[in-house]
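For reference, the structure discussed in these notes is given below.
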Amino acid sequence: MTIGRMENVEVFHSEGKGRGLKATKEFWAADVIFAERAYSAVVFDSLVNFVCHTCFKRQEKLHRCGQCKFAHYCDRTCQKDAWLNHKNECSAIKRYGKVPSENIRLAARIMWRVEREGTGLTEGCLVSVDDLQNHVEHFGEEEQKELRLDVDTFLQYWPPQGQQFSMQYISHIFGVINCNGFTLSDQRGLQAVGVGIFPNLGLVNHDCWPNCTAIFNNGRIELRALSKISEGEELTVSYIDFLNFSEERKKQLKKQYYFDCTCEHCQKGLKDDLFLGVKDDPKPSQEVVKEMIQFSKDTLEKVDKARSEGLYHEVVKLCRECLQKQEPVFADTNIYTLRLLSIVSEVLSYLQAFEEASHYARRMVDGYMKLYHPNNAQLGMAIMRAGLTNWHAGNIEVGHGMICKAYAILLVTHGPSHPITKDLESMRMQTEMELRMFRQNEFMYHKMREAALNNQPMQVMAEPSHEPVPALFHKKQ
């Protein structure tokens, strides 16, 4: 295997994990260790008409490719930048007569690049696409079936005059997409809009309590340090959300990434006592706890169904009832309580019931703060949403405090140039000004706020989505 050179990091053999990346110098929280452009990337099937196929920004009006009528771009610049990658795709779509799924499109884009440049190392890459792991040998029956279907569709889509790849190589590329697909988010980092392959990032191993995070910003993935990293220390990111007890995280990692997690948090079950926390005084019996877990799981299923059908008042009713029943049994860090608090505060904000939403949002943040790494991107985003909710509810002191806290976290995880950090900075200045006014004259503050609200409707929260914060890696659930 050929290994490229790169400043700041080097490839090494990580005990029990295979290859990994380690730091060749010391880093501090918020440092960018490396930035990488996608080897290949595509927009999700559901968003092909709403997101630019070059820069992945969501736009109201997009230009359409005049030939295939499929690709959409912000403007002529983005269209010109895309032509090298879109040229083959354009004629293949016209020949095939329809647009294949994102997986097929991504595999084809990777192979057109391999056809153009060969299979060796591309500039700035530590590893070639050929050398990335595919885990095809670990696929279950269902995944094998999907893989065969994907390969068949790919062969129909791939132009007959193009370079002919072996079935084994095509399967390898689909395996690579399955294990190494990274989620691309829109410009504000709030919605997952596509999937791409980033070979260097594919070398970074998982840890449930990692020392790095990866953020998509302005067309590149940045690997950012979350805390002090010593020279020679392994660099890690978390492939999944930390918010679950160790047994469940291990199950998810095994199912989606085919490895057994041996990180310290999983081996020692750290924070599991909090994730499964119950009230102390009086302590409920094991039977009561078991029943409450089952009731919570059933409720969450009903909530998911109601949410997917847009029945938001039903969602609120179900959450309220379940939270009330949990009250004497579960502690506020309990995973089932936190899931409901997150959903109900988001949905109530969307329904503009800010006062009630703010109460649930505060409880959620209190629980999250005891569980997440202090510089976790998901924690930062959750505190930002809770801060907005409290601000809209007129709880200016709490709202401002949360927005400041979220800003401090996002400076580390996203950096000062990320659009969402810039948004937070202006919110922080706005709430600071309002807080000064509030402290000088509370009565006048409420009067002015009322007048402002009458003149201009409150900023409406986005419609609740199934995945409030895009996951780091793109996986079929």
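By convention here, the chains of the structure tokens are called A, B, ... in the order presented, each chain's residues are numbered starting at 1, and ligands are numbered starting at 1 in the order presented.
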
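Using only C-alpha atoms, the protein and nucleic acid residues lying no more than 10 Å from Ser296 of chain A, apart from those fewer than 3 places from it along its own chain, are Lys290, Glu291, Met292, Ile293, Thr299, Leu300, Glu301, Lys302, Cys319, Cys322, Leu323, Lys325, Gln326, Tyr336, Thr337, Arg339 and Leu340 of chain A.
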
Env of segment 17-31 of chain A: 10 Å cut, atoms = only C-alpha atoms, seq-sep filter 3 positions within chain, self excluded. Answer as a PyMOL selection string. chain A and resi 6-14+34+126+200-206+211-213+222-236+259-262+375+409-416

Could you pull out the alpha helix (DSSP H) residues of segment 12-175 of chain A from DSSP and send them as JSON, numbers by chain? {"A": [76, 77, 78, 79, 80, 81, 82, 83, 84, 85, 86, 87, 88, 89, 90, 91, 92, 93, 94, 95, 96, 102, 103, 104, 105, 106, 107, 108, 109, 110, 111, 112, 113, 114, 115, 116, 117, 141, 142, 143, 144, 145, 146, 147, 148, 149, 150, 151, 152, 153, 154, 155, 156, 157, 167, 168, 169, 170, 171, 172, 173, 174, 175]}

Since we have the selection now, will you write its residues out, keeping C-alpha atoms, as a PDB file, in the first residue's frame?
```pdb
ATOM      1  CA  ARG A  76     -22.387  29.745 -14.109  1.00  0.00           C
ATOM      2  CA  THR A  77     -19.267  29.581 -11.910  1.00  0.00           C
ATOM      3  CA  CYS A  78     -20.492  26.510 -10.057  1.00  0.00           C
ATOM      4  CA  GLN A  79     -21.633  24.967 -13.349  1.00  0.00           C
ATOM      5  CA  LYS A  80     -18.210  25.531 -14.931  1.00  0.00           C
ATOM      6  CA  ASP A  81     -16.418  24.120 -11.866  1.00  0.00           C
ATOM      7  CA  ALA A  82     -18.588  21.002 -12.061  1.00  0.00           C
ATOM      8  CA  TRP A  83     -18.068  20.181 -15.723  1.00  0.00           C
ATOM      9  CA  LEU A  84     -15.019  17.918 -15.246  1.00  0.00           C
ATOM     10  CA  ASN A  85     -17.019  15.724 -12.829  1.00  0.00           C
ATOM     11  CA  HIS A  86     -20.388  16.155 -14.533  1.00  0.00           C
ATOM     12  CA  LYS A  87     -19.391  15.627 -18.184  1.00  0.00           C
ATOM     13  CA  ASN A  88     -19.516  11.790 -18.065  1.00  0.00           C
ATOM     14  CA  GLU A  89     -22.512  11.808 -15.730  1.00  0.00           C
ATOM     15  CA  CYS A  90     -24.397  14.112 -18.117  1.00  0.00           C
ATOM     16  CA  SER A  91     -24.076  11.804 -21.120  1.00  0.00           C
ATOM     17  CA  ALA A  92     -24.624   8.644 -18.996  1.00  0.00           C
ATOM     18  CA  ILE A  93     -27.953  10.020 -17.657  1.00  0.00           C
ATOM     19  CA  LYS A  94     -29.089  10.884 -21.197  1.00  0.00           C
ATOM     20  CA  ARG A  95     -28.138   7.401 -22.461  1.00  0.00           C
ATOM     21  CA  TYR A  96     -29.660   5.580 -19.448  1.00  0.00           C
ATOM     22  CA  GLU A 102     -27.237   8.589  -5.015  1.00  0.00           C
ATOM     23  CA  ASN A 103     -25.209   5.409  -4.314  1.00  0.00           C
ATOM     24  CA  ILE A 104     -24.928   4.547  -8.025  1.00  0.00           C
ATOM     25  CA  ARG A 105     -24.171   8.175  -8.925  1.00  0.00           C
ATOM     26  CA  LEU A 106     -21.400   8.367  -6.314  1.00  0.00           C
ATOM     27  CA  ALA A 107     -19.837   5.030  -7.374  1.00  0.00           C
ATOM     28  CA  ALA A 108     -19.820   6.183 -11.017  1.00  0.00           C
ATOM     29  CA  ARG A 109     -18.266   9.545 -10.131  1.00  0.00           C
ATOM     30  CA  ILE A 110     -15.502   7.769  -8.193  1.00  0.00           C
ATOM     31  CA  MET A 111     -14.817   5.433 -11.121  1.00  0.00           C
ATOM     32  CA  TRP A 112     -14.775   8.235 -13.687  1.00  0.00           C
ATOM     33  CA  ARG A 113     -12.141   9.910 -11.558  1.00  0.00           C
ATOM     34  CA  VAL A 114     -10.165   6.641 -11.346  1.00  0.00           C
ATOM     35  CA  GLU A 115     -10.515   6.325 -15.152  1.00  0.00           C
ATOM     36  CA  ARG A 116      -9.114   9.868 -15.568  1.00  0.00           C
ATOM     37  CA  GLU A 117      -6.323   9.787 -12.991  1.00  0.00           C
ATOM     38  CA  GLU A 141     -27.616 -11.430   3.596  1.00  0.00           C
ATOM     39  CA  GLU A 142     -29.729  -8.285   3.162  1.00  0.00           C
ATOM     40  CA  GLU A 143     -26.660  -6.117   2.456  1.00  0.00           C
ATOM     41  CA  GLN A 144     -25.322  -8.692  -0.045  1.00  0.00           C
ATOM     42  CA  LYS A 145     -28.666  -8.558  -1.867  1.00  0.00           C
ATOM     43  CA  GLU A 146     -28.587  -4.743  -1.968  1.00  0.00           C
ATOM     44  CA  LEU A 147     -24.995  -4.845  -3.197  1.00  0.00           C
ATOM     45  CA  ARG A 148     -25.885  -7.198  -6.076  1.00  0.00           C
ATOM     46  CA  LEU A 149     -28.776  -4.912  -7.077  1.00  0.00           C
ATOM     47  CA  ASP A 150     -26.495  -1.845  -6.935  1.00  0.00           C
ATOM     48  CA  VAL A 151     -23.844  -3.570  -9.081  1.00  0.00           C
ATOM     49  CA  ASP A 152     -26.479  -4.616 -11.657  1.00  0.00           C
ATOM     50  CA  THR A 153     -27.896  -1.081 -11.876  1.00  0.00           C
ATOM     51  CA  PHE A 154     -24.385   0.353 -12.077  1.00  0.00           C
ATOM     52  CA  LEU A 155     -23.522  -1.893 -15.045  1.00  0.00           C
ATOM     53  CA  GLN A 156     -26.622  -0.676 -16.913  1.00  0.00           C
ATOM     54  CA  TYR A 157     -25.756   2.971 -16.138  1.00  0.00           C
ATOM     55  CA  MET A 167     -17.211  -7.002 -10.553  1.00  0.00           C
ATOM     56  CA  GLN A 168     -14.852  -7.270  -7.577  1.00  0.00           C
ATOM     57  CA  TYR A 169     -13.638  -3.686  -8.021  1.00  0.00           C
ATOM     58  CA  ILE A 170     -17.187  -2.331  -8.452  1.00  0.00           C
ATOM     59  CA  SER A 171     -18.219  -4.182  -5.247  1.00  0.00           C
ATOM     60  CA  HIS A 172     -15.157  -2.708  -3.487  1.00  0.00           C
ATOM     61  CA  ILE A 173     -16.263   0.840  -4.403  1.00  0.00           C
ATOM     62  CA  PHE A 174     -19.811   0.228  -3.117  1.00  0.00           C
ATOM     63  CA  GLY A 175     -18.307  -1.215   0.097  1.00  0.00           C
TER      64      GLY A 175
END
```

Can you pull out every residue from segment 118-247 of chain A that DSSP, working from the backbone, puts in strand (DSSP E), and format the result as JSON, numbers by chain? {"A": [181, 182, 183, 184, 185, 192, 193, 194, 195, 196, 197, 205, 206, 212, 213, 214, 215, 216, 217, 220, 221, 222, 223, 224, 225, 236, 237]}

Spatial neighbours of Ile420 of chain A, max dist 8 Å, only C-alpha atoms, sep filter under 4 positions, as a PyMOL selection string: chain A and resi 188-189+424
